[in-house]
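Quick notes on the structure that follows.
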Amino acid sequence: MAASVRVCCALRITIGGAAPLRTIWGAVQVSQWASRASATSLQRNPALPLIPATAWQQTRHGSFFNKMTAEELWKGVLANSGSGARKGRGKRTKRKLKRDLNRGQNIGEGRGGFLWPGLNTPVTKDGSLQPMSRRSDAEQQEMRVELFRQRDEWEKKRKMKVKRERGWTGNSLGGTSLGPPDPGPNGETYEDFDSRVIEVKNVFTMTAKEGRKRSISCLVAVGNGKGAAGFALGKAADRLTALRKAKNRAIHYLYYIERYNNHTIYHDIQSKFKRSTLRMKKQNQGYGLHCHRAIITLCKLIGIQDMYCKVEGSINLLNITKAFFTGLASQETHQTLADKKKLHVVEFRSEHGPLPIVVGSPKDGSRQNPEPEDEIPNTRLHWDDIRAVQGTKRSIWAGVKRTVW
């Protein structure tokens with residue numbers, strides 16, 4: 001009945017004249033029906049409280065910010081999944097990069113300066129639990145100044161251009177160092193290895209959906225300067241990923257190159273791969289590396305200090321690299337040659353005059369019978385070398401007429 005009286009008073013205030021009587025009578029009837037229904041429910045469920053129950057419904061205002069994941073939001077901002085991006089549209093637009101929005105944010109920190117145990121302050125101190133507290137205005141101001149200073153420093157570092165190591169030229173990555181390869185899955189490290197970029201180029205492939213699809217192809221060589229070296233190709237959509245893949249793949253394809261006295265090759269080598277031909281010559285100590293710039297980089301990774309190499313034909317860097325490693329892997333050491341011929345291997349040096357120096361002896365002893373000699377010796381000669389020995393080799397610029405002004 002108390003509920004019905006309150007309803008009647010409310011209606012009597014809002015409505016005047018003859019209308020309130022009818023409204024009051026309807027309200028009394030509604031209240032009687034409600035009281036009868038509540039009495040019936042109490043008889044059925046006597047454990048329910050006499051206070052009328054209030055239905056609470058928790059609501060949460062939602063938008064695409066809290067309905068979508070961070071990856072989906074970034075995907076929409078960067079527009080990596082659009083059909084235009086897949087087909088190469090808008091190549092001249094500035095590329096947006098994903099940023100870490102949580103950088104510099106600490107959970108619990110805010111403008112109020114509250115200290116929440118477990119978030120921005122330790123839970124216990126000196127063995128006792130810490131209550132929630134608040135910084136003073138001076139401490140909070142100092143904290144905000146430090147945060148702004150740190151953000152300004154990050155912004156300066158982001159805008160600052162880091163001067164990278166110079167390679168063969170100032171505009172190319174060829175010859176630059178990438179550091180040692182990444183550690184392996186079992187924890188093995190390659191700290192004594194160094195990796196160098198040989199070639200970075202854009203390659204394209206035609207697909208049915210995307211058309212002309214671009215990717216980056218990188219050729220990277222690794223070596224420890226003690227005879228172990230290798231190379232590999234890496235291909236990816238961006239340059240950094242391609243370089244990392246090539247560097248980590250090259251460590252799994254190593255060659256061991258034999259070196260004579262740890263500074264040069266054992267003998268002259270002529271190697272060919274496709275249209276590229278390399279003619280490598282053994283040199284004395286202190287001669288240096290008179291070679292193609294890619295060959296110089298590979299020699300430093302292997303540990304070769306003195307050598308002459310002439311590149312003929314195609315100067316494709318991948319062909320040159322394959323020809324170089326194939327030729328060095330096929331060279332014969334003095335001991336291998338001595339065991340093969342069953343003869344002593346001697347070497348003539350200018351500092352020793354006409355006296356030979358024995359550099360290799362067969363393990364099972366030398367043969368008693370001399371080696372048979374062919375009527376026509378099977379010796380590969382190069383016409384430029386023959387003319388250089390005979391003194392008839394001339395420069396290609398020797399007969400050029402020069403105009404005197």
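In the structure tokens, the first chain shown is A, the next is B, and so on; residue numbers restart at 1 for each chain, and ligands run from 1 in the order shown.
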Pick out each residue of segment 150-230 of chain A that DSSP on the backbone tags as strand (DSSP E); I need them as a tab-separated table (two decimals) with N, CA and C atoms, in the first residue's frame.
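Listed below is the output, result.tsv:
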chain	number	residue	atom	x	y	z
A	194	ASP	N	82.41	-12.50	-39.94
A	194	ASP	CA	81.94	-11.20	-40.41
A	194	ASP	C	81.20	-11.41	-41.73
A	195	SER	N	80.22	-10.60	-41.99
A	195	SER	CA	79.43	-10.72	-43.22
A	195	SER	C	79.52	-9.42	-44.00
A	196	ARG	N	79.63	-9.55	-45.31
A	196	ARG	CA	79.76	-8.40	-46.21
A	196	ARG	C	78.73	-8.51	-47.33
A	197	VAL	N	78.19	-7.36	-47.70
A	197	VAL	CA	77.21	-7.31	-48.78
A	197	VAL	C	77.96	-7.30	-50.11
A	198	ILE	N	77.57	-8.19	-51.01
A	198	ILE	CA	78.15	-8.23	-52.34
A	198	ILE	C	77.26	-7.52	-53.35
A	199	GLU	N	75.94	-7.74	-53.24
A	199	GLU	CA	75.03	-7.15	-54.22
A	199	GLU	C	73.65	-7.01	-53.61
A	200	VAL	N	72.99	-5.91	-53.92
A	200	VAL	CA	71.59	-5.67	-53.56
A	200	VAL	C	70.90	-5.14	-54.81
A	201	LYS	N	69.85	-5.81	-55.24
A	201	LYS	CA	69.16	-5.38	-56.46
A	201	LYS	C	67.67	-5.68	-56.35
A	202	ASN	N	66.90	-4.97	-57.15
A	202	ASN	CA	65.46	-5.17	-57.23
A	202	ASN	C	65.15	-6.20	-58.31
A	203	VAL	N	64.31	-7.16	-57.97
A	203	VAL	CA	63.87	-8.16	-58.92
A	203	VAL	C	62.35	-8.12	-58.98
A	204	PHE	N	61.81	-8.50	-60.12
A	204	PHE	CA	60.37	-8.42	-60.34
A	204	PHE	C	59.87	-9.76	-60.87
A	205	THR	N	58.63	-10.06	-60.51
A	205	THR	CA	57.96	-11.23	-61.03
A	205	THR	C	56.53	-10.86	-61.39
A	206	MET	N	56.01	-11.47	-62.42
A	206	MET	CA	54.66	-11.19	-62.88
A	206	MET	C	53.70	-12.22	-62.30
A	207	THR	N	52.66	-11.73	-61.60
A	207	THR	CA	51.64	-12.59	-61.03
A	207	THR	C	50.29	-12.24	-61.65
A	211	GLY	N	50.09	-8.45	-60.62
A	211	GLY	CA	50.84	-7.89	-61.73
A	211	GLY	C	52.34	-7.94	-61.49
A	212	ARG	N	53.00	-6.82	-61.70
A	212	ARG	CA	54.46	-6.74	-61.56
A	212	ARG	C	54.82	-6.57	-60.09
A	213	LYS	N	55.27	-7.65	-59.47
A	213	LYS	CA	55.52	-7.66	-58.03
A	213	LYS	C	57.03	-7.51	-57.79
A	214	ARG	N	57.38	-6.54	-56.98
A	214	ARG	CA	58.78	-6.23	-56.71
A	214	ARG	C	59.24	-6.90	-55.42
A	215	SER	N	60.50	-7.36	-55.41
A	215	SER	CA	61.13	-7.88	-54.21
A	215	SER	C	62.63	-7.54	-54.27
A	216	ILE	N	63.30	-7.66	-53.14
A	216	ILE	CA	64.72	-7.31	-53.02
A	216	ILE	C	65.53	-8.60	-52.94
A	217	SER	N	66.55	-8.69	-53.77
A	217	SER	CA	67.45	-9.84	-53.76
A	217	SER	C	68.83	-9.38	-53.30
A	218	CYS	N	69.38	-10.06	-52.29
A	218	CYS	CA	70.67	-9.68	-51.69
A	218	CYS	C	71.63	-10.86	-51.74
A	219	LEU	N	72.86	-10.58	-52.13
A	219	LEU	CA	73.94	-11.56	-52.10
A	219	LEU	C	74.92	-11.17	-51.00
A	220	VAL	N	75.08	-12.04	-50.02
A	220	VAL	CA	75.91	-11.75	-48.84
A	220	VAL	C	76.92	-12.88	-48.67
A	221	ALA	N	78.15	-12.53	-48.34
A	221	ALA	CA	79.20	-13.50	-48.07
A	221	ALA	C	79.66	-13.36	-46.62
A	222	VAL	N	79.99	-14.48	-46.00
A	222	VAL	CA	80.48	-14.49	-44.62
A	222	VAL	C	81.83	-15.21	-44.58
A	223	GLY	N	82.64	-14.88	-43.59
A	223	GLY	CA	83.94	-15.53	-43.43
A	223	GLY	C	84.58	-15.13	-42.12
A	228	ALA	N	87.61	-20.19	-43.69
A	228	ALA	CA	86.21	-20.60	-43.75
A	228	ALA	C	85.37	-19.44	-44.26
A	229	ALA	N	84.65	-19.67	-45.34
A	229	ALA	CA	83.82	-18.62	-45.93
A	229	ALA	C	82.69	-19.26	-46.72
A	230	GLY	N	81.67	-18.48	-46.98
A	230	GLY	CA	80.52	-18.96	-47.74
A	230	GLY	C	79.69	-17.78	-48.21
* To do: Tell me which protein, DNA and RNA residues are within 8 Å of segment 253-259 of chain A, counting only C-alpha atoms, leaving out same-chain ones fewer than 2 positions away, and put them as a VMD selection string.
  => chain A and resid 227 to 232 249 to 251 261 to 266 302 304 325 328 to 329 333
Let me see the file: selected residues, C-alpha atoms, as an mmCIF file, in the first residue's frame.
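That gives us result06.cif:
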data_model
loop_
_atom_site.group_PDB
_atom_site.id
_atom_site.type_symbol
_atom_site.label_atom_id
_atom_site.label_comp_id
_atom_site.auth_asym_id
_atom_site.auth_seq_id
_atom_site.Cartn_x
_atom_site.Cartn_y
_atom_site.Cartn_z
ATOM 1 C CA GLY A 227 89.898 -20.042 -44.528
ATOM 2 C CA ALA A 228 86.210 -20.604 -43.746
ATOM 3 C CA ALA A 229 83.823 -18.618 -45.929
ATOM 4 C CA GLY A 230 80.515 -18.958 -47.735
ATOM 5 C CA PHE A 231 77.811 -17.022 -49.555
ATOM 6 C CA ALA A 232 74.047 -17.125 -49.986
ATOM 7 C CA ARG A 249 71.684 -18.570 -44.619
ATOM 8 C CA ALA A 250 75.298 -18.079 -45.726
ATOM 9 C CA ILE A 251 76.660 -19.456 -42.463
ATOM 10 C CA ASN A 261 101.507 -19.863 -45.855
ATOM 11 C CA ASN A 262 98.193 -18.249 -44.848
ATOM 12 C CA HIS A 263 98.548 -15.451 -47.398
ATOM 13 C CA THR A 264 97.975 -16.681 -50.981
ATOM 14 C CA ILE A 265 96.743 -19.570 -53.123
ATOM 15 C CA TYR A 266 98.781 -22.705 -53.910
ATOM 16 C CA ILE A 302 88.709 -15.882 -46.555
ATOM 17 C CA ILE A 304 93.931 -14.262 -48.677
ATOM 18 C CA PHE A 325 84.586 -20.292 -54.764
ATOM 19 C CA LEU A 328 89.456 -22.085 -54.877
ATOM 20 C CA ALA A 329 87.720 -25.276 -53.736
ATOM 21 C CA THR A 333 97.802 -28.428 -52.175
#
* DSSP says alpha helix (DSSP H) for which residues of segment 278-328 of chain A? Put them as a list in words? ->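 Put together, the selection reads Arg293, Ala294, Ile295, Ile296, Thr297, Leu298, Cys299, Lys300, Leu301, Ile302, Leu317, Leu318, Asn319, Ile320, Thr321, Lys322, Ala323, Phe324, Phe325, Thr326, Gly327 and Leu328 of chain A.
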* If you count only C-alpha atoms, which residues fall within 9 Å of Thr326 of chain A, apart from same-chain ones fewer than 6 positions away, as a list in words? -> Ser271, Lys272 and Phe273 of chain A
For those residues, write N, CA, C and O atoms to a file as a JSON list (two decimals), in the first residue's frame.
[["chain", "number", "residue", "atom", "x", "y", "z"],
["A", 271, "SER", "N", 89.09, -20.46, -63.54],
["A", 271, "SER", "CA", 87.76, -20.97, -63.21],
["A", 271, "SER", "C", 86.73, -20.25, -64.06],
["A", 271, "SER", "O", 86.88, -19.06, -64.37],
["A", 272, "LYS", "N", 85.66, -20.98, -64.41],
["A", 272, "LYS", "CA", 84.62, -20.42, -65.26],
["A", 272, "LYS", "C", 83.26, -20.84, -64.74],
["A", 272, "LYS", "O", 83.05, -22.00, -64.38],
["A", 273, "PHE", "N", 82.34, -19.90, -64.70],
["A", 273, "PHE", "CA", 80.94, -20.18, -64.38],
["A", 273, "PHE", "C", 80.08, -19.38, -65.34],
["A", 273, "PHE", "O", 80.14, -18.14, -65.35]]
* Residue contacts of Val345 of chain A (7 Å, only C-alpha atoms) excluding same-chain residues fewer than 3 positions away, as a list in words ->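 Counting only C-alpha atoms, the residues come to His334, Ala338, Val358, Val359, Gly360 and Ser361 of chain A.
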Can I get the selected residues back with all heavy atoms, as an mmCIF file, in the first residue's frame?
data_model
loop_
_atom_site.group_PDB
_atom_site.id
_atom_site.type_symbol
_atom_site.label_atom_id
_atom_site.label_comp_id
_atom_site.auth_asym_id
_atom_site.auth_seq_id
_atom_site.Cartn_x
_atom_site.Cartn_y
_atom_site.Cartn_z
ATOM 1 N N HIS A 334 100.198 -28.703 -52.122
ATOM 2 C CA HIS A 334 101.464 -29.327 -52.500
ATOM 3 C C HIS A 334 101.520 -30.777 -52.042
ATOM 4 O O HIS A 334 102.036 -31.645 -52.767
ATOM 5 C CB HIS A 334 102.622 -28.529 -51.896
ATOM 6 C CG HIS A 334 102.730 -27.148 -52.461
ATOM 7 N ND1 HIS A 334 103.381 -26.120 -51.801
ATOM 8 C CD2 HIS A 334 102.284 -26.618 -53.626
ATOM 9 C CE1 HIS A 334 103.330 -25.017 -52.535
ATOM 10 N NE2 HIS A 334 102.666 -25.294 -53.647
ATOM 11 N N ALA A 338 101.915 -34.026 -54.451
ATOM 12 C CA ALA A 338 103.023 -34.962 -54.253
ATOM 13 C C ALA A 338 102.511 -36.393 -54.106
ATOM 14 O O ALA A 338 103.099 -37.336 -54.663
ATOM 15 C CB ALA A 338 103.835 -34.546 -53.027
ATOM 16 N N VAL A 358 111.970 -27.641 -51.566
ATOM 17 C CA VAL A 358 111.005 -28.743 -51.506
ATOM 18 C C VAL A 358 109.837 -28.298 -50.630
ATOM 19 O O VAL A 358 110.014 -27.973 -49.446
ATOM 20 C CB VAL A 358 111.652 -30.022 -50.939
ATOM 21 C CG1 VAL A 358 110.624 -31.140 -50.852
ATOM 22 C CG2 VAL A 358 112.831 -30.442 -51.802
ATOM 23 N N VAL A 359 108.650 -28.295 -51.219
ATOM 24 C CA VAL A 359 107.458 -27.857 -50.486
ATOM 25 C C VAL A 359 106.485 -29.001 -50.231
ATOM 26 O O VAL A 359 105.499 -28.834 -49.507
ATOM 27 C CB VAL A 359 106.722 -26.744 -51.259
ATOM 28 C CG1 VAL A 359 107.549 -25.472 -51.276
ATOM 29 C CG2 VAL A 359 106.366 -27.182 -52.669
ATOM 30 N N GLY A 360 106.732 -30.196 -50.827
ATOM 31 C CA GLY A 360 105.846 -31.331 -50.600
ATOM 32 C C GLY A 360 106.529 -32.619 -50.978
ATOM 33 O O GLY A 360 107.233 -32.688 -52.003
ATOM 34 N N SER A 361 106.376 -33.675 -50.140
ATOM 35 C CA SER A 361 106.968 -34.991 -50.405
ATOM 36 C C SER A 361 105.883 -36.047 -50.269
ATOM 37 O O SER A 361 104.993 -35.926 -49.404
ATOM 38 C CB SER A 361 108.115 -35.285 -49.429
ATOM 39 O OG SER A 361 109.135 -34.311 -49.565
#
* Asked: Which residues, written as a list in words, have at least one atom at most 9 Å from Lys300 of chain A, with only C-alpha atoms counted and residues fewer than 4 positions away on the same chain left out?
  ->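 Contacts, with the query itself left out: Gly223, Asn224, Gly225, Ile295, Ile296, Ile304 and Gln305 of chain A.
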* To do: Find the spatial neighbours of Gly110 of chain A, counting only C-alpha atoms, within a cut-off of 12 Å - ignore same-chain residues fewer than 6 positions away - and output them as a PyMOL selection string.
  => chain A and resi 116+119-120+134-135+140-141+143-144+147
Wanna dump the segment 262-359 of chain A-segment 164-174 of chain A contacts at 10 Å for me, each residue with its shortest atom pair and the distance in Å to one decimal, counting only C-alpha atoms, ordered by chain and number, as a Markdown table?
| residue | atom | partner | partner_atom | distance |
| --- | --- | --- | --- | --- |
| A:Arg293 | CA | A:Trp168 | CA | 7.4 |
| A:Ala294 | CA | A:Gly174 | CA | 8.2 |
| A:Thr297 | CA | A:Gly174 | CA | 9.3 |
* What is the distance between atom CA of Phe324 of chain A and atom CA of His292 of chain A, in Å to one decimal? ->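 Atom CA of His292 of chain A lies at a distance of 11.1 Å from atom CA of Phe324 of chain A.
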* **Residue nearest Glu312 of chain A - candidates A:His352, A:Arg279, A:Lys274, A:Arg380, atoms counted: only C-alpha atoms** =>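 Closest to Glu312 of chain A of all the choices is A:Arg279.
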* How many Å separate atom CA of Arg111 of chain A from atom CA of Asp137 of chain A? -> 10.3 Å
